[in-house]
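The structure file coords_2.csv is reproduced below (CSV, C-alpha atoms and all ligand atoms).
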chain,number,residue,atom,x,y,z
A,1,MET,CA,34.8,-9.1,-12.0
A,2,LYS,CA,32.7,-7.0,-14.3
A,3,LEU,CA,29.7,-8.2,-16.3
A,4,SER,CA,29.0,-6.5,-19.7
A,5,ARG,CA,25.7,-5.3,-21.1
A,6,LEU,CA,25.9,-7.9,-23.8
A,7,ILE,CA,26.9,-11.4,-22.8
A,8,PRO,CA,27.3,-13.5,-25.9
A,9,LYS,CA,26.9,-17.2,-25.5
A,10,ASN,CA,30.3,-18.8,-26.0
A,11,HIS,CA,30.6,-22.3,-27.3
A,12,PHE,CA,34.2,-23.0,-26.2
A,13,CYS,CA,33.1,-26.4,-24.8
A,14,SER,CA,32.0,-27.8,-28.1
A,15,ILE,CA,33.4,-25.7,-30.9
A,16,GLU,CA,37.1,-25.4,-31.5
A,17,LEU,CA,36.8,-22.1,-33.3
A,18,PHE,CA,36.1,-20.4,-30.0
A,19,ARG,CA,39.3,-21.7,-28.5
A,20,ALA,CA,41.5,-20.4,-31.3
A,21,GLU,CA,42.7,-16.9,-32.3
A,22,PRO,CA,41.2,-14.4,-32.8
A,23,LEU,CA,38.1,-15.4,-30.8
A,24,ILE,CA,40.0,-16.7,-27.8
A,25,SER,CA,41.5,-13.2,-27.2
A,26,TRP,CA,37.9,-12.0,-26.9
A,27,PRO,CA,38.2,-8.2,-27.0
A,28,TYR,CA,34.5,-7.8,-27.8
A,29,THR,CA,32.7,-7.9,-24.4
A,30,ASP,CA,33.7,-8.1,-20.7
A,31,ALA,CA,31.7,-11.2,-20.1
A,32,ILE,CA,30.7,-14.4,-21.9
A,33,LEU,CA,28.2,-17.1,-21.0
A,34,PHE,CA,28.4,-20.8,-21.3
A,35,THR,CA,26.1,-23.6,-20.1
A,36,ALA,CA,26.4,-26.8,-18.0
A,37,TYR,CA,24.2,-28.3,-20.7
A,38,ASP,CA,27.0,-27.6,-23.3
A,39,ILE,CA,29.5,-29.5,-21.1
A,40,TYR,CA,27.3,-32.6,-20.9
A,41,ARG,CA,26.3,-32.4,-24.6
A,42,SER,CA,29.9,-31.9,-25.8
A,43,ASN,CA,32.1,-34.8,-26.6
A,44,ASP,CA,35.1,-32.5,-27.4
A,45,PHE,CA,38.5,-33.9,-26.5
A,46,TRP,CA,39.7,-30.6,-25.1
A,47,LEU,CA,37.1,-30.8,-22.3
A,48,ASP,CA,38.2,-34.3,-21.2
A,49,ARG,CA,41.8,-33.2,-21.2
A,50,ILE,CA,41.1,-30.1,-19.0
A,51,VAL,CA,38.9,-32.0,-16.6
A,52,SER,CA,41.3,-34.8,-16.2
A,53,SER,CA,44.2,-32.4,-15.7
A,54,GLY,CA,42.5,-30.9,-12.7
A,55,LEU,CA,42.3,-27.4,-14.2
A,56,THR,CA,39.1,-25.5,-14.3
A,57,LEU,CA,37.6,-24.7,-17.7
A,58,LYS,CA,38.5,-21.0,-17.2
A,59,ASP,CA,42.1,-21.9,-16.4
A,60,GLY,CA,42.1,-24.0,-19.6
A,61,LEU,CA,40.8,-21.0,-21.6
A,62,ILE,CA,43.3,-18.7,-20.1
A,63,ASP,CA,46.1,-21.0,-21.1
A,64,LEU,CA,44.9,-20.7,-24.6
A,65,GLY,CA,44.9,-16.9,-24.5
A,66,PHE,CA,41.5,-16.0,-23.0
A,67,PRO,CA,41.9,-12.7,-21.0
A,68,LYS,CA,42.0,-13.4,-17.2
A,69,ASN,CA,39.9,-10.3,-16.4
A,70,LYS,CA,36.9,-11.3,-18.5
A,71,ALA,CA,34.0,-12.7,-16.7
A,72,LEU,CA,32.8,-16.2,-17.4
A,73,VAL,CA,29.1,-16.7,-16.6
A,74,ALA,CA,27.9,-20.3,-16.0
A,75,ASP,CA,24.3,-20.9,-16.8
A,76,THR,CA,22.4,-24.2,-16.4
A,77,GLY,CA,21.3,-24.3,-20.0
A,78,VAL,CA,18.3,-26.2,-18.6
A,79,PHE,CA,15.8,-23.7,-20.0
A,80,GLU,CA,15.2,-26.2,-22.7
A,81,VAL,CA,14.7,-28.9,-20.1
A,82,GLU,CA,12.4,-26.8,-18.0
A,83,ALA,CA,10.5,-25.7,-21.0
A,84,ARG,CA,9.8,-29.3,-21.8
A,85,LYS,CA,8.7,-30.0,-18.2
A,86,ALA,CA,6.4,-27.0,-18.4
A,87,GLY,CA,4.9,-28.4,-21.6
A,88,ILE,CA,5.9,-25.4,-23.7
A,89,ALA,CA,9.0,-26.8,-25.4
A,90,LYS,CA,7.1,-27.9,-28.5
A,91,GLU,CA,5.4,-24.6,-28.9
A,92,LEU,CA,8.8,-22.9,-28.7
A,93,GLY,CA,10.4,-25.3,-31.2
A,94,ILE,CA,12.9,-26.6,-28.6
A,95,GLN,CA,14.2,-30.1,-28.8
A,96,VAL,CA,15.7,-31.6,-25.7
A,97,ASP,CA,18.1,-34.6,-25.8
A,98,ILE,CA,19.3,-34.8,-22.3
A,99,GLU,CA,18.1,-33.9,-18.8
A,100,LEU,CA,20.3,-32.6,-16.0
A,101,SER,CA,19.9,-33.0,-12.3
A,102,ASN,CA,21.0,-30.2,-10.0
A,103,SER,CA,23.9,-32.2,-8.8
A,104,GLN,CA,25.1,-32.6,-12.4
A,105,ILE,CA,24.8,-28.9,-12.8
A,106,PHE,CA,26.7,-28.1,-9.6
A,107,GLU,CA,29.4,-30.5,-10.6
A,108,ALA,CA,29.8,-28.7,-13.9
A,109,TYR,CA,29.8,-25.4,-12.1
A,110,GLU,CA,32.5,-26.5,-9.8
A,111,LEU,CA,34.8,-27.6,-12.6
A,112,SER,CA,34.1,-24.5,-14.6
A,113,GLY,CA,36.0,-21.9,-12.5
A,114,ALA,CA,33.4,-19.4,-13.6
A,115,ASP,CA,33.0,-15.9,-12.1
A,116,TYR,CA,29.2,-16.0,-11.9
A,117,PHE,CA,26.7,-18.8,-11.6
A,118,VAL,CA,23.0,-18.8,-12.5
A,119,ALA,CA,20.9,-20.6,-9.8
A,120,PRO,CA,18.7,-23.4,-11.2
A,121,ASP,CA,15.1,-22.4,-11.4
A,122,GLU,CA,11.7,-23.5,-12.5
A,123,ILE,CA,9.6,-21.7,-15.1
A,124,VAL,CA,6.5,-20.2,-13.5
A,125,LEU,CA,3.8,-20.0,-16.1
A,126,PRO,CA,1.3,-17.2,-16.2
A,127,ASP,CA,-1.9,-19.4,-16.1
A,128,GLU,CA,-0.7,-21.8,-13.5
A,129,LYS,CA,-2.7,-22.6,-10.3
A,130,ILE,CA,-1.4,-20.9,-7.2
A,131,GLU,CA,-0.5,-24.2,-5.5
A,132,ILE,CA,1.7,-25.2,-8.4
A,133,ILE,CA,3.4,-21.8,-8.4
A,134,HIS,CA,4.0,-22.0,-4.6
A,135,ARG,CA,5.5,-25.5,-5.1
A,136,LYS,CA,7.8,-24.2,-7.8
A,137,ILE,CA,8.9,-21.2,-5.7
A,138,LYS,CA,9.7,-23.5,-2.9
A,139,ILE,CA,12.0,-25.6,-5.2
A,140,ILE,CA,13.6,-22.4,-6.5
A,141,LYS,CA,14.4,-21.3,-3.0
A,142,GLN,CA,15.8,-24.7,-2.1
A,143,ASN,CA,18.0,-24.7,-5.2
A,144,LEU,CA,19.5,-21.5,-4.1
A,145,ILE,CA,20.2,-22.8,-0.6
A,146,ASP,CA,21.9,-25.9,-2.1
A,147,LEU,CA,24.0,-23.7,-4.5
A,148,LEU,CA,25.1,-21.5,-1.6
A,149,GLU,CA,26.8,-24.5,-0.1
A,150,ILE,CA,29.4,-24.4,-2.9
A,151,ILE,CA,29.2,-20.8,-4.3
A,152,HIS,CA,29.6,-17.5,-2.5
A,153,PRO,CA,26.4,-15.3,-2.8
A,154,SER,CA,28.3,-12.5,-4.5
A,155,LYS,CA,28.9,-14.9,-7.4
A,156,ILE,CA,25.4,-16.1,-7.8
A,157,ILE,CA,22.8,-14.8,-10.2
A,158,ALA,CA,19.4,-15.6,-8.8
A,159,VAL,CA,16.4,-15.8,-11.1
A,160,ILE,CA,13.2,-14.0,-10.4
A,161,GLN,CA,10.1,-15.8,-11.5
A,162,GLY,CA,6.4,-15.0,-11.2
A,163,HIS,CA,3.9,-12.4,-12.6
A,164,THR,CA,2.5,-10.8,-9.5
A,165,GLU,CA,4.0,-8.4,-7.0
A,166,SER,CA,3.5,-10.7,-4.1
A,167,ILE,CA,5.3,-13.7,-5.7
A,168,ILE,CA,8.1,-11.5,-7.1
A,169,ASP,CA,8.5,-9.6,-3.8
A,170,ASP,CA,8.6,-12.9,-1.8
A,171,LEU,CA,11.4,-14.3,-4.0
A,172,PHE,CA,13.3,-11.0,-4.1
A,173,ASP,CA,13.2,-10.6,-0.3
A,174,PHE,CA,14.3,-14.2,0.1
A,175,TYR,CA,17.3,-13.7,-2.2
A,176,ARG,CA,18.3,-10.5,-0.4
A,177,SER,CA,18.1,-12.3,2.9
A,178,GLN,CA,20.6,-14.8,1.5
A,179,GLY,CA,23.0,-12.0,0.4
A,180,ILE,CA,22.3,-12.1,-3.3
A,181,THR,CA,23.2,-9.0,-5.3
A,182,HIS,CA,22.8,-10.2,-8.9
A,183,PHE,CA,19.4,-11.0,-10.3
A,184,ALA,CA,17.9,-12.2,-13.6
A,185,MET,CA,14.5,-12.1,-15.1
A,186,GLY,CA,13.1,-15.6,-15.8
A,187,GLY,CA,10.0,-16.9,-17.5
A,188,ILE,CA,10.1,-14.1,-20.1
A,189,ILE,CA,9.4,-16.2,-23.2
A,190,PRO,CA,6.3,-18.0,-22.0
A,191,LEU,CA,5.0,-14.7,-20.6
A,192,TYR,CA,5.8,-13.0,-23.9
A,193,HIS,CA,3.6,-15.5,-25.7
A,194,HIS,CA,0.9,-15.3,-23.0
A,195,ASN,CA,0.4,-11.5,-22.5
A,196,LYS,CA,2.7,-8.7,-23.6
A,197,THR,CA,1.1,-6.1,-21.4
A,198,THR,CA,1.7,-8.2,-18.3
A,199,LEU,CA,5.3,-8.9,-19.5
A,200,GLU,CA,6.0,-5.2,-19.8
A,201,LYS,CA,4.5,-4.5,-16.3
A,202,VAL,CA,6.5,-7.4,-14.8
A,203,LEU,CA,9.7,-6.1,-16.5
A,204,TYR,CA,9.2,-2.6,-15.2
A,205,TYR,CA,8.3,-3.9,-11.7
A,206,VAL,CA,11.3,-6.2,-11.4
A,207,ARG,CA,13.6,-3.4,-12.6
A,208,LYS,CA,12.1,-1.1,-10.0
A,209,ILE,CA,12.7,-3.4,-7.0
A,210,THR,CA,16.2,-4.4,-8.2
A,211,ARG,CA,17.3,-0.9,-9.0
A,212,ASP,CA,20.2,-1.0,-6.6
A,213,PHE,CA,21.5,-4.3,-8.0
A,214,TRP,CA,22.5,-5.9,-11.3
A,215,LEU,CA,19.6,-7.2,-13.4
A,216,HIS,CA,20.1,-9.6,-16.3
A,217,VAL,CA,17.5,-10.9,-18.8
A,218,PHE,CA,17.9,-14.3,-20.4
A,219,GLY,CA,18.0,-14.5,-24.2
A,220,LEU,CA,17.5,-12.2,-27.1
A,221,PRO,CA,15.2,-13.8,-29.7
A,222,HIS,CA,16.1,-11.1,-32.1
A,223,MET,CA,18.3,-8.0,-32.1
A,224,GLY,CA,15.4,-5.5,-32.1
A,225,LEU,CA,14.8,-6.5,-28.5
A,226,LEU,CA,18.3,-5.4,-27.4
A,227,HIS,CA,17.2,-1.8,-27.4
A,228,TYR,CA,14.0,-2.5,-25.6
A,229,TYR,CA,15.6,-4.5,-22.8
A,230,LEU,CA,18.7,-2.5,-22.3
A,231,HIS,CA,17.6,1.1,-23.1
A,232,GLU,CA,13.9,1.2,-22.4
A,233,ILE,CA,13.4,-1.2,-19.5
A,234,GLU,CA,17.0,-0.3,-18.5
A,235,ILE,CA,17.9,-3.9,-17.7
A,236,ASP,CA,21.7,-4.2,-17.1
A,237,SER,CA,22.6,-7.1,-19.3
A,238,VAL,CA,21.3,-9.7,-21.8
A,239,ASP,CA,22.9,-12.9,-23.1
A,240,THR,CA,22.4,-14.1,-26.6
A,241,SER,CA,23.3,-16.8,-29.1
A,242,ALA,CA,21.4,-14.9,-31.9
A,243,LEU,CA,24.7,-13.5,-33.3
A,244,LEU,CA,25.8,-16.9,-34.3
A,245,TYR,CA,22.6,-17.7,-36.0
A,246,ILE,CA,22.5,-14.4,-37.8
A,247,THR,CA,26.1,-15.1,-39.0
A,248,ALA,CA,25.3,-18.6,-40.0
A,249,ARG,CA,22.6,-17.2,-42.3
A,250,ARG,CA,25.2,-14.8,-43.8
A,251,ARG,CA,23.5,-11.7,-42.3
A,252,TYR,CA,25.4,-8.5,-41.5
A,253,LEU,CA,24.2,-6.3,-38.7
A,254,LEU,CA,23.5,-2.8,-40.0
A,255,GLY,CA,22.5,-1.2,-36.7
A,256,SER,CA,20.3,-3.8,-35.1
A,257,ARG,CA,19.1,-5.2,-38.4
A,258,PRO,CA,20.5,-8.3,-39.9
A,259,GLU,CA,20.8,-7.6,-43.6
A,260,PRO,CA,21.9,-9.9,-46.4
A,261,VAL,CA,25.7,-9.6,-46.5
A,262,ARG,CA,25.6,-8.3,-50.1
A,263,LYS,CA,24.2,-5.0,-48.8
A,264,ALA,CA,27.2,-4.5,-46.6
A,265,VAL,CA,29.9,-1.9,-47.4
A,266,PHE,CA,32.9,-3.3,-45.5
A,267,GLU,CA,35.0,-0.2,-45.9
A,268,GLU,CA,32.5,1.8,-44.0
A,269,CYS,CA,33.0,-0.2,-40.8
A,270,ASP,CA,36.3,-0.1,-39.0
A,271,CYS,CA,35.9,-3.2,-36.9
A,272,ASP,CA,38.4,-6.1,-36.9
A,273,GLY,CA,36.0,-8.3,-38.9
A,274,CYS,CA,35.4,-5.9,-41.7
A,275,GLN,CA,39.1,-5.2,-42.1
A,276,HIS,CA,39.4,-8.8,-43.3
A,277,LEU,CA,36.2,-9.0,-45.4
A,278,SER,CA,35.8,-8.2,-49.1
A,279,PRO,CA,33.1,-8.8,-51.6
A,280,ASP,CA,35.4,-11.0,-53.5
A,281,MET,CA,35.7,-13.6,-50.8
A,282,SER,CA,33.7,-16.8,-50.9
A,283,THR,CA,30.8,-16.3,-48.5
A,284,THR,CA,30.9,-20.0,-47.6
A,285,SER,CA,34.6,-19.9,-46.4
A,286,SER,CA,35.3,-20.2,-42.7
A,287,GLU,CA,37.3,-17.1,-42.9
A,288,PHE,CA,34.3,-15.2,-44.1
A,289,PHE,CA,32.1,-16.7,-41.4
A,290,LEU,CA,34.6,-15.8,-38.7
A,291,ASN,CA,35.0,-12.2,-39.7
A,292,LEU,CA,31.3,-11.7,-40.3
A,293,TYR,CA,30.7,-13.0,-36.8
A,294,ILE,CA,33.3,-10.6,-35.4
A,295,HIS,CA,31.5,-7.7,-37.2
A,296,ASN,CA,28.1,-8.8,-35.8
A,297,LEU,CA,29.6,-9.2,-32.3
A,298,ARG,CA,31.1,-5.7,-32.4
A,299,THR,CA,28.0,-4.1,-33.7
A,300,ALA,CA,25.8,-5.7,-31.1
A,301,ALA,CA,28.2,-4.9,-28.3
A,302,ILE,CA,28.2,-1.2,-29.3
A,303,LEU,CA,24.4,-1.2,-29.6
A,304,SER,CA,24.2,-2.6,-26.1
A,305,GLU,CA,26.1,0.4,-24.8
A,306,ILE,CA,24.4,3.2,-26.7
A,307,LYS,CA,21.0,3.9,-28.1
A,308,GLU,CA,20.5,3.4,-31.8
A,309,LYS,CA,18.5,6.6,-32.2
A,310,THR,CA,18.6,7.1,-36.0
A,311,ILE,CA,16.7,4.0,-36.9
A,312,ARG,CA,14.9,3.0,-33.7
A,313,ASP,CA,12.6,6.0,-33.6
A,314,ARG,CA,10.9,4.7,-36.7
A,315,SER,CA,10.8,1.1,-35.6
A,316,PRO,CA,7.6,-0.6,-34.4
A,317,ALA,CA,9.7,-2.4,-31.8
A,318,LYS,CA,10.2,0.9,-30.1
A,319,ARG,CA,6.5,1.5,-29.6
A,320,ASN,CA,5.4,-2.0,-28.7
A,321,ILE,CA,7.4,-5.0,-27.9
A,322,GLY,CA,4.8,-7.1,-29.7
A,323,GLU,CA,4.5,-5.5,-33.0
A,324,ASN,CA,7.9,-6.3,-34.3
A,325,GLU,CA,8.5,-9.4,-32.3
A,326,SER,CA,8.8,-12.9,-33.6
A,327,ARG,CA,9.7,-16.2,-32.0
A,328,SER,CA,12.3,-17.0,-34.5
A,329,ILE,CA,15.2,-15.0,-35.9
A,330,GLN,CA,14.3,-16.0,-39.4
A,331,LYS,CA,11.0,-14.2,-39.0
A,332,ALA,CA,12.8,-11.1,-37.6
A,333,GLU,CA,15.0,-11.1,-40.6
A,334,ARG,CA,12.1,-11.2,-42.9
A,335,ILE,CA,10.6,-8.2,-41.1
A,336,ALA,CA,13.9,-6.4,-41.4
A,337,ASP,CA,14.1,-7.1,-45.1
A,338,LYS,CA,10.6,-5.7,-45.6
A,339,GLN,CA,11.3,-2.5,-43.6
A,340,SER,CA,14.6,-1.8,-45.3
A,341,GLN,CA,12.9,-1.8,-48.7
A,342,GLY,CA,12.0,1.8,-48.0
A,343,VAL,CA,14.3,4.4,-49.5
A,344,GLY,CA,16.5,6.9,-47.7
A,345,ILE,CA,16.9,5.0,-44.4
A,346,SER,CA,20.3,6.0,-43.0
A,347,TRP,CA,22.0,3.3,-40.8
A,348,MET,CA,24.1,4.1,-37.9
A,349,THR,CA,27.5,2.5,-38.6
A,350,ALA,CA,29.7,1.3,-35.9
A,351,ASP,CA,32.1,4.2,-36.1
A,352,VAL,CA,29.3,6.7,-35.9
A,353,ALA,CA,27.9,4.8,-32.9
A,354,TYR,CA,31.3,5.1,-31.2
A,355,GLU,CA,31.3,8.8,-31.6
A,356,GLN,CA,28.0,9.2,-30.0
A,357,ARG,CA,28.7,6.8,-27.2
A,358,LYS,CA,30.1,9.2,-24.6
A,359,GLU,CA,27.3,11.8,-24.6
A,360,LYS,CA,24.6,9.2,-24.6
A,361,VAL,CA,25.9,7.7,-21.3
A,362,THR,CA,25.2,10.9,-19.4
A,363,LYS,CA,21.7,11.1,-20.8
A,364,GLN,CA,20.9,7.5,-19.9
A,365,THR,CA,21.9,8.0,-16.3
A,366,SER,CA,19.4,10.8,-15.9
A,367,ARG,CA,16.7,8.9,-17.7
A,368,LYS,CA,17.1,5.9,-15.4
A,369,ASP,CA,15.7,7.8,-12.4
A,370,SER,CA,12.6,8.8,-14.2
A,371,LEU,CA,11.9,5.3,-15.4
A,372,HIS,CA,12.3,3.9,-11.9
A,373,SER,CA,9.7,6.2,-10.4
A,374,LYS,CA,7.1,5.0,-13.0
A,375,SER,CA,4.1,3.5,-11.3
A,376,THR,CA,3.7,-0.2,-11.4
A,377,LYS,CA,0.7,-0.4,-9.1
A,378,ASP,CA,-1.5,-1.8,-11.8
A,379,ILE,CA,0.6,-5.0,-12.2
A,380,GLU,CA,-1.5,-8.1,-12.2
A,381,ASP,CA,-2.2,-9.5,-8.8
B,1,ZN,ZN,32.5,-4.4,-39.2

Starting from the file, lay out its structure as structure tokens.
Ligand SMILES: [Zn+2]
Amino acid sequence: MKLSRLIPKNHFCSIELFRAEPLISWPYTDAILFTAYDIYRSNDFWLDRIVSSGLTLKDGLIDLGFPKNKALVADTGVFEVEARKAGIAKELGIQVDIELSNSQIFEAYELSGADYFVAPDEIVLPDEKIEIIHRKIKIIKQNLIDLLEIIHPSKIIAVIQGHTESIIDDLFDFYRSQGITHFAMGGIIPLYHHNKTTLEKVLYYVRKITRDFWLHVFGLPHMGLLHYYLHEIEIDSVDTSALLYITARRRYLLGSRPEPVRKAVFEECDCDGCQHLSPDMSTTSSEFFLNLYIHNLRTAAILSEIKEKTIRDRSPAKRNIGENESRSIQKAERIADKQSQGVGISWMTADVAYEQRKEKVTKQTSRKDSLHSKSTKDIED
């Protein structure tokens, strides 16, 4: 079962819209992500019905029209919980209403029928004492051993934590000894706030040691980072719920920039969403929301596959992850607004992006080799 470069978070557990046409047919990406946290938080009747019928959640989705061959990725969703334990939740603006034990997570995993499962982890903070880090690494390893009792290693995504070569190597070697072939970068957001230079070194280093395997990164605080993660660091995939937030704020992705929807020219995009959008529609209608969401999904999916060259070369995000970063999408949107006030910026529309897709793939492959040979000796240790 294939993962895709972009793995949108899907809220089928709690939002009916995701279980109805056209979203249930999901032509947008090869994989979606949902969380155990969503299962426990949801009080949706559909969930109860599926669980009591003995079907898996994926079976239930397929009955509704979800394509069988699309991958369902189960995540713990406990980043929020872990963030609180690590004392950084408040700083990140995260509110936690429930806590989940590993056995609750595993129970949710078992009834999900998912194709990939993220192993529960602990956030290792950059400024933590080494004894604490070692204790957390020990827990992370034990979590994996527990998960291996119910899930085959080929279906597990193991999370790499730590900021030094020795910690990272130790975890990676352990994962490999357990037969793991899919990895994810963890602890990115706290590290991002701590030290961006270290973050970049860690990203390059983890990409280097996992080069023969799939590497995922959790979360996309704003769309500008899509390019950075997937096309500069060459990480294989990223998940995001940003597209929903952007859409809720009535933003239309022009390239990677969420623009106020009044700036959109729907006829210039040939996606399924724009076919159904018109400037005469009420922007508060659910039909408008749905089709705007489809446009944003399609645009982000295309950007995940190809480089957005036209605009990216001028963006601060290209030069330094920190310059154009923000911890909230709102802030990212303000930045995008500001930048787009300049005249003569030409956006790459979805159809143009499609045209350029094939030739870009060849170039990316050759570039990958050169990136991986880049020295990471000076990583903090
Ligand atoms: Zn469109």

Write out as a PyMOL selection string each polymer residue (protein, DNA or RNA) that has an atom no more than 9 Å from ligand ZN 1 (chain B), with all atoms listed in the file counted. chain A and resi 252-253+265-275+277+291-292+294-299+349-350

Length of the atom CA of A:Asn143 to atom CA of A:Pro120 vector [Å]: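 Taking atom CA of A:Asn143 and atom CA of A:Pro120, their separation equals 6.2 Å.
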
Need to verify the contact set: A:Trp214, 8 Å, all atoms listed in the file, exclusion of same-chain residues closer than 3 positions in sequence. Can you return it as a ChimeraX atom specification? /A:181-183,210-211,236

Written file, previous selection with C-alpha atoms, as a PDB file, keeping the file's coordinate frame:
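Printed below is out09.pdb as written:
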ATOM      1  CA  THR A 181      23.200  -9.000  -5.300  1.00  0.00           C
ATOM      2  CA  HIS A 182      22.800 -10.200  -8.900  1.00  0.00           C
ATOM      3  CA  PHE A 183      19.400 -11.000 -10.300  1.00  0.00           C
ATOM      4  CA  THR A 210      16.200  -4.400  -8.200  1.00  0.00           C
ATOM      5  CA  ARG A 211      17.300  -0.900  -9.000  1.00  0.00           C
ATOM      6  CA  ASP A 236      21.700  -4.200 -17.100  1.00  0.00           C
TER       7      ASP A 236
END

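You will find atom CA of A:His222 at 11.4 Å from atom CA of A:Asp239.
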
Residues within 12 Å of (23.0, -11.3, -0.3), file coordinates, counting all atoms listed in the file: what are they? Give the list as a list in words.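 Residues found, by chain and rising number: Leu144, Ile145, Leu148, His152, Pro153, Ser154, Lys155, Ile156, Ile157, Ala158, Phe172, Asp173, Phe174, Tyr175, Arg176, Ser177, Gln178, Gly179, Ile180, Thr181, His182, Phe183 and Phe213 of chain A.
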
Calculated over all atoms listed in the file, which of the candidates A:Ala301, A:Leu243, A:Val261, A:Leu199 has the smallest distance to A:Thr283?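 Between A:Ala301, A:Leu243, A:Val261, A:Leu199, the residue approaching A:Thr283 most closely is A:Val261.
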